[in-house]
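**Q** Contents of run36.pdb (PDB, C-alpha atoms) are given next:
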ATOM      1  CA  MET B 960       0.000   0.000   0.000
ATOM      2  CA  GLU B 961       1.688   3.170  -1.171
ATOM      3  CA  GLU B 962       0.963   6.360   0.674
ATOM      4  CA  ASN B 963       1.680   9.986   0.121
ATOM      5  CA  PHE B 964       4.242  10.047   2.891
ATOM      6  CA  GLU B 965       6.718  12.634   1.748
ATOM      7  CA  LEU B 966      10.208  12.497   3.222
ATOM      8  CA  VAL B 967      12.619  15.396   3.248
ATOM      9  CA  THR B 968      16.367  15.007   3.598
ATOM     10  CA  ILE B 969      17.561  16.967   6.623
ATOM     11  CA  GLY B 970      21.276  16.380   6.120
ATOM     12  CA  ILE B 971      23.892  13.914   4.958
ATOM     13  CA  VAL B 972      26.562  11.685   6.445
ATOM     14  CA  ARG B 973      30.109  12.874   5.739
ATOM     15  CA  LYS B 974      33.299  10.882   6.117
ATOM     16  CA  GLU B 975      36.637  12.510   5.455
ATOM     17  CA  GLU B 976      40.023  11.257   6.591
ATOM     18  CA  GLU B 977      39.575  10.222  10.230
ATOM     19  CA  LYS B 978      36.421  12.228  10.807
ATOM     20  CA  THR B 979      32.773  11.277  10.557
ATOM     21  CA  TRP B 980      30.001  13.798  10.899
ATOM     22  CA  ILE B 981      26.411  14.535  10.048
ATOM     23  CA  GLU B 982      26.091  17.702   8.033
ATOM     24  CA  ILE B 983      22.664  19.090   8.842
ATOM     25  CA  PHE B 984      21.377  21.361   6.097
ATOM     26  CA  LYS B 985      21.483  25.031   7.101
ATOM     27  CA  GLU B 986      17.697  25.403   7.060
ATOM     28  CA  TYR B 987      17.456  22.825   9.879
ATOM     29  CA  GLU B 988      20.340  24.087  12.038
ATOM     30  CA  LYS B 989      17.946  25.624  14.590
ATOM     31  CA  ALA B 990      16.619  22.133  15.301
ATOM     32  CA  LEU B 991      19.967  21.234  16.922
ATOM     33  CA  LEU B 992      19.550  23.598  19.900
ATOM     34  CA  LYS B 993      20.466  21.754  23.154
ATOM     35  CA  LEU B 994      21.403  18.554  21.320
ATOM     36  CA  ASP B 995      24.948  19.007  22.670
ATOM     37  CA  GLU B 996      23.617  18.069  26.129
ATOM     38  CA  PHE B 997      22.960  14.523  24.963
ATOM     39  CA  SER B 998      25.706  11.930  24.555
ATOM     40  CA  HIS B 999      23.952   9.737  21.970
ATOM     41  CA  ILE B1000      21.461  10.090  19.139
ATOM     42  CA  ILE B1001      19.390   7.689  17.099
ATOM     43  CA  THR B1002      19.898   8.432  13.415
ATOM     44  CA  LEU B1003      17.423   7.401  10.735
ATOM     45  CA  TRP B1004      18.780   7.306   7.203
ATOM     46  CA  TRP B1005      17.727   6.263   3.747
ATOM     47  CA  VAL B1006      19.667   3.293   2.397
ATOM     48  CA  THR B1007      19.849   4.673  -1.141
ATOM     49  CA  GLY B1008      21.849   1.692  -2.444
ATOM     50  CA  ARG B1009      19.011  -0.658  -1.467
ATOM     51  CA  ASP B1010      16.179   1.454  -2.807
ATOM     52  CA  THR B1011      15.559  -0.956  -5.671
ATOM     53  CA  GLU B1012      12.455  -2.853  -6.628
ATOM     54  CA  GLU B1013      14.204  -6.179  -6.003
ATOM     55  CA  ASP B1014      15.630  -5.314  -2.569
ATOM     56  CA  ARG B1015      12.333  -3.842  -1.430
ATOM     57  CA  LYS B1016      10.535  -7.065  -2.324
ATOM     58  CA  ASN B1017      12.918  -9.046  -0.103
ATOM     59  CA  LEU B1018      10.960 -10.592   2.776
ATOM     60  CA  GLN B1019      13.366 -13.242   4.095
ATOM     61  CA  SER B1020      17.131 -13.616   4.352
ATOM     62  CA  HIS B1021      19.917 -15.200   6.387
ATOM     63  CA  PRO B1022      21.115 -12.497   8.785
ATOM     64  CA  LYS B1023      24.810 -11.715   8.876
ATOM     65  CA  VAL B1024      26.289 -12.234  12.296
ATOM     66  CA  SER B1025      29.846 -11.009  12.565
ATOM     67  CA  GLY B1026      32.490 -12.531  14.806
ATOM     68  CA  LYS B1027      31.974 -16.080  16.015
ATOM     69  CA  VAL B1028      29.352 -17.093  13.500
ATOM     70  CA  LYS B1029      26.756 -19.716  14.116
ATOM     71  CA  ASP B1030      24.697 -20.800  11.194
ATOM     72  CA  ALA B1031      21.926 -18.254  11.076
ATOM     73  CA  PRO B1032      18.634 -19.694   9.865
ATOM     74  CA  LEU B1033      16.365 -18.063   7.328
ATOM     75  CA  CYS B1034      14.594 -15.111   8.988
ATOM     76  CA  GLY B1035      11.901 -12.682   8.026
ATOM     77  CA  VAL B1036      13.458  -9.277   7.302
ATOM     78  CA  PHE B1037      11.531  -7.744  10.212
ATOM     79  CA  ALA B1038      13.577 -10.116  12.418
ATOM     80  CA  THR B1039      16.840  -8.812  10.891
ATOM     81  CA  ARG B1040      18.558  -5.468  10.413
ATOM     82  CA  SER B1041      19.107  -6.212   6.715
ATOM     83  CA  PRO B1042      19.003  -3.060   4.563
ATOM     84  CA  ALA B1043      17.062  -5.013   1.909
ATOM     85  CA  ARG B1044      13.550  -4.494   3.285
ATOM     86  CA  PRO B1045      10.226  -2.959   2.183
ATOM     87  CA  ASN B1046      11.240   0.526   3.376
ATOM     88  CA  PRO B1047      15.048   0.877   3.227
ATOM     89  CA  ILE B1048      15.400   2.891   6.426
ATOM     90  CA  GLY B1049      18.619   2.499   8.391
ATOM     91  CA  LEU B1050      18.637   3.018  12.166
ATOM     92  CA  THR B1051      21.936   3.562  13.967
ATOM     93  CA  THR B1052      22.560   4.883  17.449
ATOM     94  CA  VAL B1053      25.761   6.916  17.512
ATOM     95  CA  LYS B1054      27.851   8.761  20.044
ATOM     96  CA  ILE B1055      28.166  12.538  19.707
ATOM     97  CA  LEU B1056      31.754  13.767  19.926
ATOM     98  CA  SER B1057      31.009  17.456  19.410
ATOM     99  CA  ILE B1058      28.633  19.790  17.612
ATOM    100  CA  THR B1059      29.884  22.805  15.688
ATOM    101  CA  LYS B1060      27.207  24.895  13.991
ATOM    102  CA  ASN B1061      25.428  22.463  11.649
ATOM    103  CA  ARG B1062      27.909  19.620  12.038
ATOM    104  CA  ILE B1063      27.408  16.754  14.470
ATOM    105  CA  TYR B1064      30.748  14.968  14.804
ATOM    106  CA  ILE B1065      30.163  11.330  15.747
ATOM    107  CA  ASP B1066      32.283   8.314  16.593
ATOM    108  CA  LYS B1067      31.164   6.085  13.739
ATOM    109  CA  THR B1068      28.231   4.908  11.676
ATOM    110  CA  ASP B1069      27.557   2.068   9.285
ATOM    111  CA  ALA B1070      25.964   4.550   6.857
ATOM    112  CA  PHE B1071      28.156   5.438   3.877
ATOM    113  CA  ASP B1072      29.467   8.895   2.995
ATOM    114  CA  ASN B1073      26.716  11.075   1.485
ATOM    115  CA  THR B1074      23.869   8.986   2.891
ATOM    116  CA  PRO B1075      20.684  11.071   3.313
ATOM    117  CA  ILE B1076      19.639  11.572   6.930
ATOM    118  CA  ILE B1077      15.880  11.705   7.519
ATOM    119  CA  ASP B1078      15.663  12.102  11.304
ATOM    120  CA  ILE B1079      17.717  12.566  14.454
ATOM    121  CA  LYS B1080      16.300  11.698  17.869
ATOM    122  CA  PRO B1081      17.953  11.992  21.282
ATOM    123  CA  TYR B1082      18.745   8.632  22.910
ATOM    124  CA  ILE B1083      16.665   8.497  26.099
ATOM    125  CA  PRO B1084      17.378   5.599  28.492
ATOM    126  CA  LYS B1085      13.818   5.368  29.824
ATOM    127  CA  SER B1086      12.423   4.575  26.380
ATOM    128  CA  ASP B1087      15.435   3.233  24.468
ATOM    129  CA  CYS B1088      17.633   1.319  26.910
ATOM    130  CA  ILE B1089      15.958  -1.979  27.723
ATOM    131  CA  MET B1090      17.641  -4.258  30.201
ATOM    132  CA  ASN B1091      15.839  -7.590  29.999
ATOM    133  CA  VAL B1092      15.996  -8.489  26.346
ATOM    134  CA  THR B1093      15.761 -11.902  24.704
ATOM    135  CA  ILE B1094      17.261 -12.532  21.292
ATOM    136  CA  PRO B1095      17.644 -15.839  19.414
ATOM    137  CA  ASP B1096      20.585 -18.135  20.128
ATOM    138  CA  PHE B1097      22.029 -17.573  16.640
ATOM    139  CA  PHE B1098      22.456 -13.872  17.530
ATOM    140  CA  ASP B1099      24.100 -14.621  20.861
ATOM    141  CA  ILE B1100      27.207 -12.501  20.252
ATOM    142  CA  LEU B1101      24.896  -9.512  19.873
ATOM    143  CA  ARG B1102      23.493  -9.954  23.351
ATOM    144  CA  GLU B1103      26.105  -7.898  25.214
ATOM    145  CA  ARG B1104      25.287  -4.237  25.738
ATOM    146  CA  ARG B1105      27.223  -1.224  24.504
ATOM    147  CA  GLU B1106      29.547   0.089  27.187
ATOM    148  CA  GLU B1107      30.679   3.390  25.715
TER     149      GLU B1107
ATOM    150  CA  MET S 576      15.211  19.075  -0.058
ATOM    151  CA  GLU S 577      12.465  16.725  -1.187
ATOM    152  CA  GLU S 578      13.452  13.372  -2.522
ATOM    153  CA  ASN S 579      11.666  10.568  -4.242
ATOM    154  CA  PHE S 580      11.806   8.384  -1.175
ATOM    155  CA  GLU S 581       8.699   6.279  -1.440
ATOM    156  CA  LEU S 582       7.337   4.747   1.742
ATOM    157  CA  VAL S 583       4.981   1.814   1.855
ATOM    158  CA  THR S 584       2.746   1.012   4.793
ATOM    159  CA  ILE S 585       3.510  -2.502   6.046
ATOM    160  CA  GLY S 586       0.776  -2.657   8.669
ATOM    161  CA  ILE S 587      -1.232  -0.709  11.208
ATOM    162  CA  VAL S 588      -1.503  -0.364  14.962
ATOM    163  CA  ARG S 589      -4.696  -1.828  16.398
ATOM    164  CA  LYS S 590      -6.140  -1.187  19.843
ATOM    165  CA  GLU S 591      -9.286  -2.974  20.936
ATOM    166  CA  GLU S 592     -10.543  -3.405  24.478
ATOM    167  CA  GLU S 593      -7.487  -4.420  26.511
ATOM    168  CA  LYS S 594      -5.407  -5.585  23.576
ATOM    169  CA  THR S 595      -2.840  -3.779  21.456
ATOM    170  CA  TRP S 596      -1.320  -5.313  18.372
ATOM    171  CA  ILE S 597       0.374  -4.565  15.102
ATOM    172  CA  GLU S 598      -1.558  -5.951  12.184
ATOM    173  CA  ILE S 599       1.006  -6.660   9.489
ATOM    174  CA  PHE S 600      -0.550  -6.697   6.030
ATOM    175  CA  LYS S 601      -0.856 -10.224   4.619
ATOM    176  CA  GLU S 602       1.646  -9.560   1.817
ATOM    177  CA  TYR S 603       4.374  -8.941   4.431
ATOM    178  CA  GLU S 604       3.538 -11.831   6.782
ATOM    179  CA  LYS S 605       6.567 -13.853   5.575
ATOM    180  CA  ALA S 606       8.814 -11.082   6.902
ATOM    181  CA  LEU S 607       7.835 -12.073  10.473
ATOM    182  CA  LEU S 608       9.592 -15.476  10.375
ATOM    183  CA  LYS S 609      11.641 -15.958  13.608
ATOM    184  CA  LEU S 610      10.535 -12.632  15.057
ATOM    185  CA  ASP S 611       8.923 -14.591  17.902
ATOM    186  CA  GLU S 612      12.429 -15.374  19.194
ATOM    187  CA  PHE S 613      12.952 -11.715  20.091
ATOM    188  CA  SER S 614      11.427 -10.091  23.163
ATOM    189  CA  HIS S 615      11.412  -6.505  21.869
ATOM    190  CA  ILE S 616      11.091  -4.648  18.572
ATOM    191  CA  ILE S 617      11.709  -1.108  17.451
ATOM    192  CA  THR S 618       8.659   0.149  15.591
ATOM    193  CA  LEU S 619       8.783   3.033  13.131
ATOM    194  CA  TRP S 620       5.458   4.674  12.371
ATOM    195  CA  TRP S 621       4.067   7.632  10.495
ATOM    196  CA  VAL S 622       2.559  10.287  12.762
ATOM    197  CA  THR S 623      -0.337  11.029  10.408
ATOM    198  CA  GLY S 624      -1.855  13.629  12.738
ATOM    199  CA  ARG S 625       1.324  15.697  12.534
ATOM    200  CA  ASP S 626       1.839  15.421   8.801
ATOM    201  CA  THR S 627       0.878  19.060   8.267
ATOM    202  CA  GLU S 628       2.832  21.889   6.695
ATOM    203  CA  GLU S 629       2.874  23.784   9.987
ATOM    204  CA  ASP S 630       4.037  20.897  12.180
ATOM    205  CA  ARG S 631       6.716  19.907   9.692
ATOM    206  CA  LYS S 632       8.134  23.426   9.759
ATOM    207  CA  ASN S 633       8.492  23.236  13.551
ATOM    208  CA  LEU S 634      12.188  23.417  14.477
ATOM    209  CA  GLN S 635      12.107  24.248  18.194
ATOM    210  CA  SER S 636       9.787  23.475  21.102
ATOM    211  CA  HIS S 637       9.659  22.977  24.855
ATOM    212  CA  PRO S 638       9.819  19.209  25.408
ATOM    213  CA  LYS S 639       7.163  17.601  27.549
ATOM    214  CA  VAL S 640       8.634  15.810  30.518
ATOM    215  CA  SER S 641       6.086  13.809  32.463
ATOM    216  CA  GLY S 642       6.213  13.167  36.178
ATOM    217  CA  LYS S 643       8.273  15.505  38.314
ATOM    218  CA  VAL S 644       8.563  18.333  35.841
ATOM    219  CA  LYS S 645      11.393  20.777  35.769
ATOM    220  CA  ASP S 646      11.058  23.737  33.493
ATOM    221  CA  ALA S 647      12.260  22.422  30.188
ATOM    222  CA  PRO S 648      14.046  25.064  28.112
ATOM    223  CA  LEU S 649      13.453  25.662  24.425
ATOM    224  CA  CYS S 650      15.086  22.822  22.460
ATOM    225  CA  GLY S 651      15.673  22.046  18.820
ATOM    226  CA  VAL S 652      13.261  19.328  17.703
ATOM    227  CA  PHE S 653      16.183  16.979  16.992
ATOM    228  CA  ALA S 654      16.870  17.213  20.753
ATOM    229  CA  THR S 655      13.276  16.161  21.529
ATOM    230  CA  ARG S 656      10.941  13.300  20.671
ATOM    231  CA  SER S 657       8.226  15.761  19.628
ATOM    232  CA  PRO S 658       6.035  14.406  16.801
ATOM    233  CA  ALA S 659       6.043  17.891  15.207
ATOM    234  CA  ARG S 660       9.269  17.593  13.196
ATOM    235  CA  PRO S 661      10.414  17.766   9.563
ATOM    236  CA  ASN S 662       9.672  14.060   8.968
ATOM    237  CA  PRO S 663       6.876  12.923  11.314
ATOM    238  CA  ILE S 664       8.327   9.493  12.045
ATOM    239  CA  GLY S 665       7.568   7.960  15.422
ATOM    240  CA  LEU S 666       9.995   5.499  17.017
ATOM    241  CA  THR S 667       8.830   3.280  19.860
ATOM    242  CA  THR S 668      10.463   0.195  21.298
ATOM    243  CA  VAL S 669       7.815  -2.266  22.426
ATOM    244  CA  LYS S 670       7.647  -5.647  24.113
ATOM    245  CA  ILE S 671       6.273  -8.583  22.134
ATOM    246  CA  LEU S 672       3.653 -10.579  24.026
ATOM    247  CA  SER S 673       2.910 -13.099  21.281
ATOM    248  CA  ILE S 674       2.727 -13.407  17.524
ATOM    249  CA  THR S 675      -0.183 -15.121  15.801
ATOM    250  CA  LYS S 676      -0.023 -15.244  12.008
ATOM    251  CA  ASN S 677       0.194 -11.578  10.951
ATOM    252  CA  ARG S 678      -0.550 -10.092  14.374
ATOM    253  CA  ILE S 679       2.168  -8.977  16.765
ATOM    254  CA  TYR S 680       0.553  -8.545  20.182
ATOM    255  CA  ILE S 681       2.504  -5.964  22.213
ATOM    256  CA  ASP S 682       2.366  -4.517  25.698
ATOM    257  CA  LYS S 683       1.714  -0.900  24.714
ATOM    258  CA  THR S 684       2.612   1.891  22.333
ATOM    259  CA  ASP S 685       2.152   5.637  22.212
ATOM    260  CA  ALA S 686       0.959   5.322  18.588
ATOM    261  CA  PHE S 687      -2.798   5.674  18.152
ATOM    262  CA  ASP S 688      -5.153   3.042  16.761
ATOM    263  CA  ASN S 689      -4.837   2.777  12.957
ATOM    264  CA  THR S 690      -1.395   4.400  12.816
ATOM    265  CA  PRO S 691       0.564   3.266   9.726
ATOM    266  CA  ILE S 692       3.639   1.165  10.529
ATOM    267  CA  ILE S 693       6.581   1.676   8.171
ATOM    268  CA  ASP S 694       9.220  -0.630   9.671
ATOM    269  CA  ILE S 695       9.838  -3.210  12.380
ATOM    270  CA  LYS S 696      13.362  -3.991  13.558
ATOM    271  CA  PRO S 697      14.500  -6.459  16.212
ATOM    272  CA  TYR S 698      15.907  -4.820  19.355
ATOM    273  CA  ILE S 699      19.542  -5.926  19.585
ATOM    274  CA  PRO S 700      21.393  -5.040  22.805
ATOM    275  CA  LYS S 701      24.807  -4.690  21.157
ATOM    276  CA  SER S 702      23.611  -1.857  18.932
ATOM    277  CA  ASP S 703      20.561  -0.493  20.768
ATOM    278  CA  CYS S 704      21.198  -0.811  24.513
ATOM    279  CA  ILE S 705      23.724   1.825  25.536
ATOM    280  CA  MET S 706      24.836   1.902  29.134
ATOM    281  CA  ASN S 707      26.743   5.148  29.590
ATOM    282  CA  VAL S 708      24.360   7.802  28.395
ATOM    283  CA  THR S 709      24.250  11.491  29.253
ATOM    284  CA  ILE S 710      21.030  13.472  28.940
ATOM    285  CA  PRO S 711      20.300  17.047  30.059
ATOM    286  CA  ASP S 712      19.336  17.776  33.665
ATOM    287  CA  PHE S 713      15.829  18.849  32.632
ATOM    288  CA  PHE S 714      15.234  15.287  31.371
ATOM    289  CA  ASP S 715      16.568  13.683  34.524
ATOM    290  CA  ILE S 716      13.507  11.553  35.224
ATOM    291  CA  LEU S 717      14.070   9.907  31.849
ATOM    292  CA  ARG S 718      17.522   8.718  32.817
ATOM    293  CA  GLU S 719      16.502   5.425  34.414
ATOM    294  CA  ARG S 720      16.510   2.392  32.145
ATOM    295  CA  ARG S 721      13.611   0.155  31.262
ATOM    296  CA  GLU S 722      13.506  -2.926  33.459
ATOM    297  CA  GLU S 723      10.924  -5.098  31.776
TER     298      GLU S 723
END
Please rewrite the model in this file as C-alpha cells.

**A**
Amino acid sequence: MEENFELVTIGIVRKEEEKTWIEIFKEYEKALLKLDEFSHIITLWWVTGRDTEEDRKNLQSHPKVSGKVKDAPLCGVFATRSPARPNPIGLTTVKILSITKNRIYIDKTDAFDNTPIIDIKPYIPKSDCIMNVTIPDFFDILRERREE
Amino acid sequence: MEENFELVTIGIVRKEEEKTWIEIFKEYEKALLKLDEFSHIITLWWVTGRDTEEDRKNLQSHPKVSGKVKDAPLCGVFATRSPARPNPIGLTTVKILSITKNRIYIDKTDAFDNTPIIDIKPYIPKSDCIMNVTIPDFFDILRERREE
C-alpha cells in the first residue's frame, strides 16, 4: 500500500580522513539547539543503495552475524537489520563527539558517505535502553550491551 | 530538499478493548519469520496527525517531561521526541507478548489506533542498549533504564 508520505532530507553523512560527521542542512540548524547536552542520538537514514524494486521485495534472508558465527537460519526481514527491506530505512545509534554549527561529529556509523539523513532523535534511556531483552541463540554474540 | 523516497505502509496499529497489536498486512507476513524469538522490537510509524505543513516546519519546542517536571528550556526538535518535526516518524520500542499469524501482540505503544507502521526492527542489545548515556538535567527523570 503506497501512501503519500513525503520524506525530506535533513542532512547527509560525511566521512573525510579520520572524521565522521552529520552535516545538517542550514535550514534545519535551529533544530539542533540543546542537542549538545545529549551523549547519543538515534539516526534514521535512507539506504539509497538498497532502494531498488528487487531489494524492497525481499521478505526473508539469512542475517549476517559477525564474529563467532553460528549458522543463522532463514529469517523474516523484520527479524533482521538487513538493509534489503520494504522501506530501506537504516537506524543507527551513535555517540556525539562534538557539535559545531550544523555539524554533528560522531564516533562512527555504518551509513556510507553522502547517505541522506531523515531524522535525528535523542537517545533516552527510559524509552530506548531496555535491560531484559531476549534474542535468538544464533544472535548470541549480539546480546552484550554497549559500554561506551 | 524533497526526494523521491517512497514509503509503503507494512501494517497498522490496532487497539481494541485491553489488547494492542500490530496488524502486518498479509503480503508482508513472511517477513515475520523468527521474530517470535525476540522479546522486543523497534517500531517506526508515520505520525499522520502531525503530517501538516505547519508541524513539519516546527524546528524548536519545549519538550514535555512527564512526572516531576522541571522547566524544560526551548530545544531544537532533533533534541526532543516531539512528533512535530520535519519528517513525522515515530519510534517506539515495544515488548512482544505473542505473535499469531500476521498479528504482533505488544504490551503498549504511544501510537494511536490505525497508525501506519513503516518498519519493524528487532531490538539488539549490542547496537541499541547503551549503558553510559548522558542526557540534560531537565530530562533527569528519563535517565533510568527500562527494566521489563

**Q** Using all atoms listed in the file, determine which residues lie at most 10 Å from Ile674 of chain S, disregarding the query and same-chain residues fewer than 4 positions distant; provide the list as a PyMOL selection string.

**A** chain S and resi 596-597+607+610-611+678-681

**Q** Could you check which of B:Phe1071, B:Lys974, B:Ile1089, B:Arg1015 is closest to chain S, using only C-alpha atoms?

**A**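 Among the listed residues, B:Ile1089 lies closest to chain S.
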
**Q** When the PyMOL selection byres ((chain S and resi 699-704) around 10) is applied to the structure above, which residues does it catch, written out as a PyMOL selection string?

**A** (chain B and resi 1001+1039-1040+1050-1053+1082+1084+1087-1094+1098-1106) or (chain S and resi 613-617+696-698+705-708+720)

**Q** Report as a list of chain:residue names the residues that result from applying the PyMOL selection byres ((chain B and resi 1034) around 6) to the structure here.

**A**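 The output of the PyMOL selection byres ((chain B and resi 1034) around 6) on this file is B:Gln1019, B:Ser1020, B:His1021, B:Leu1033, B:Gly1035, S:Leu608, S:Lys609.
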
**Q** Go ahead and compute the interatomic distance for atom CA of Asn689 of chain S and atom CA of Ile1048 of chain B, in Å to one decimal.

**A**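 Those two atoms sit 21.3 Å apart.
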
**Q** Once you add 3 Å to each side, what are the centre and edge lengths of the axis-aligned box holding all listed atoms of segment 616-633 of chain S? One decimal in Å, as lines of an AutoDock Vina configuration file, if you can.

**A**
center_x = 4.9
center_y = 9.6
center_z = 12.6
size_x = 19.6
size_y = 34.4
size_z = 17.9

**Q** When you count only C-alpha atoms, which of these residues is closest to chain B: S:Thr690, S:Ser673, S:Thr627, S:Asn662?

**A** S:Asn662
